[in-house]
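Inspection log for the structure reproduced underneath, given as structure tokens.
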Amino acid sequence: MQEELNRQELDYIRIGNEMGGNQDWLPEWDMNRGGCAAVTACDLCLYLAVWEKFPALYPFGLESLNKEDFIRFTQIMKPYLAPRSHGIDFLETYLSGLADYWRGVGFVGLRAEGLSGMVPYETAEAIILAQLDAGLPIPYLMLRHWDPSLEDLEWHWFNLAGYEKTPEGLLVKAVTYGRGLWLDLRRLWDTRADRRGGLIRLF
């Protein structure tokens, strides 16, 4: 019998010493403050360009990833996922922008759909495990949350890029601002808010 996989970490893109891009790099005020959806989409497209072998998803060289090119990429992505006064706080808005960018570069390798933060935890966990096992990052939107320790992730998009099954529960690796954070998925999912975010499933 095959041994159950207890840990999975994606070989996430690195730009210098950071994991993916960093919103703090962005010089435009609106993107620096509210460009998390665009940064997450740029990370996702860059990851797919490297590992799904579709270089058209990233308009610059893949041989030497650098901060300057990534910033330019966010400026290309901005018209598709531009910051709004209330943020990109609906999965449908993110999906529409991502689909428009994919269509523009001719990418048809994957489809994307949203999973509401209102679905039961067990449903979300199964989809997260399956997508990470398939080697695909997961764009994730969190709105308000009851736990003050997660305040920095409120009203924010980030990517999930790994998991670890522990005796206490399932940890997931959230990538944002150029670093990875290990979080308890059940606590992350249970925001206890009237409005919840959710995640983007690729298939």
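Here's how to read the names in the structure tokens: chain A, B, ... by the order shown, residue numbers from 1 in each chain, ligand numbers from 1 in the order shown.
The list of residues with at least one atom within 10 Å of A:Gly21, based on only C-alpha atoms and without residues fewer than 4 positions apart in the same chain, reads Ile13, Arg14, Ile15, Gly16, Trp25, Leu26, Val39, Thr40, Cys42, Asp43, Leu46, Asn66, Lys67, Phe70, Ile71, Thr74, Val175, Thr176, Tyr177, Gly178 and Arg179 of chain A.
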List every residue of stretch 30-66 of chain A that DSSP, applied to the backbone of this structure, assigns to alpha helix (DSSP H), and report them as a short mmCIF file (atom, residue, chain, number, x, y, z; two decimals) with C-alpha atoms, in the first residue's frame.
```cif
data_model
loop_
_atom_site.label_atom_id
_atom_site.label_comp_id
_atom_site.auth_asym_id
_atom_site.auth_seq_id
_atom_site.Cartn_x
_atom_site.Cartn_y
_atom_site.Cartn_z
CA ASP A 30 -2.40 52.03 -5.32
CA MET A 31 -0.54 48.81 -6.16
CA ASN A 32 1.70 49.04 -3.11
CA ARG A 33 -1.36 49.36 -0.89
CA GLY A 34 -3.88 47.22 -2.76
CA CYS A 36 -2.25 41.81 -3.64
CA ALA A 37 -4.60 40.20 -6.19
CA ALA A 38 -2.37 41.24 -9.08
CA VAL A 39 0.79 40.07 -7.28
CA THR A 40 -0.81 36.71 -6.52
CA ALA A 41 -1.85 36.33 -10.16
CA CYS A 42 1.66 37.28 -11.32
CA ASP A 43 3.18 34.66 -9.01
CA LEU A 44 0.72 32.07 -10.30
CA CYS A 45 1.40 32.85 -13.96
CA LEU A 46 5.15 32.88 -13.41
CA TYR A 47 4.95 29.52 -11.63
CA LEU A 48 2.92 28.07 -14.51
CA ALA A 49 5.31 29.54 -17.06
CA VAL A 50 8.22 27.76 -15.35
CA TRP A 51 6.62 24.43 -14.43
#
```
| query | A:Glu151: which residues within 12 Å, counting only C-alpha atoms, same-chain residues fewer than 6 positions away excluded, as a PyMOL selection string? | reply | chain A and resi 142-145+188+191
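When DSSP reads the backbone of this structure, the residues of stretch 22-153 of chain A it assigns to strand (DSSP E) are Ala112, Glu113, Gly114, Leu115, Ser116, Ile138, Pro139, Tyr140, Leu141 and Met142 of chain A.
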Serialized selection, C-alpha atoms, as a PDB file, in the first residue's frame:
```pdb
ATOM      1  CA  ALA A 112     -10.157  28.078 -13.006  1.00  0.00           C
ATOM      2  CA  GLU A 113     -13.204  28.253 -10.781  1.00  0.00           C
ATOM      3  CA  GLY A 114     -13.970  29.739  -7.376  1.00  0.00           C
ATOM      4  CA  LEU A 115     -14.723  27.893  -4.164  1.00  0.00           C
ATOM      5  CA  SER A 116     -16.686  29.990  -1.703  1.00  0.00           C
ATOM      6  CA  ILE A 138      -3.905  28.068  -4.851  1.00  0.00           C
ATOM      7  CA  PRO A 139      -4.901  31.752  -4.918  1.00  0.00           C
ATOM      8  CA  TYR A 140      -6.706  32.392  -1.625  1.00  0.00           C
ATOM      9  CA  LEU A 141      -8.803  35.348  -0.483  1.00  0.00           C
ATOM     10  CA  MET A 142      -9.390  36.070   3.189  1.00  0.00           C
TER      11      MET A 142
END
```
| task | Give me the residues within 8 Å of A:Phe90 as a VMD selection string, counting only C-alpha atoms and dropping any in the same chain fewer than 3 places off. | result | chain A and resid 93 to 94 197
| task | Show which residues sit within 12 Å of A:Glu122, as a PyMOL selection string. Count only C-alpha atoms, and ignore same-chain residues fewer than 3 positions away. | result | chain A and resi 117-119+125-129+170+185-186+189-190
| task | Go through A:Arg7, A:His86, A:His156, A:Arg103 and flag the residue nearest A:Gln23, using only C-alpha atoms for the distances. | result | A:His156
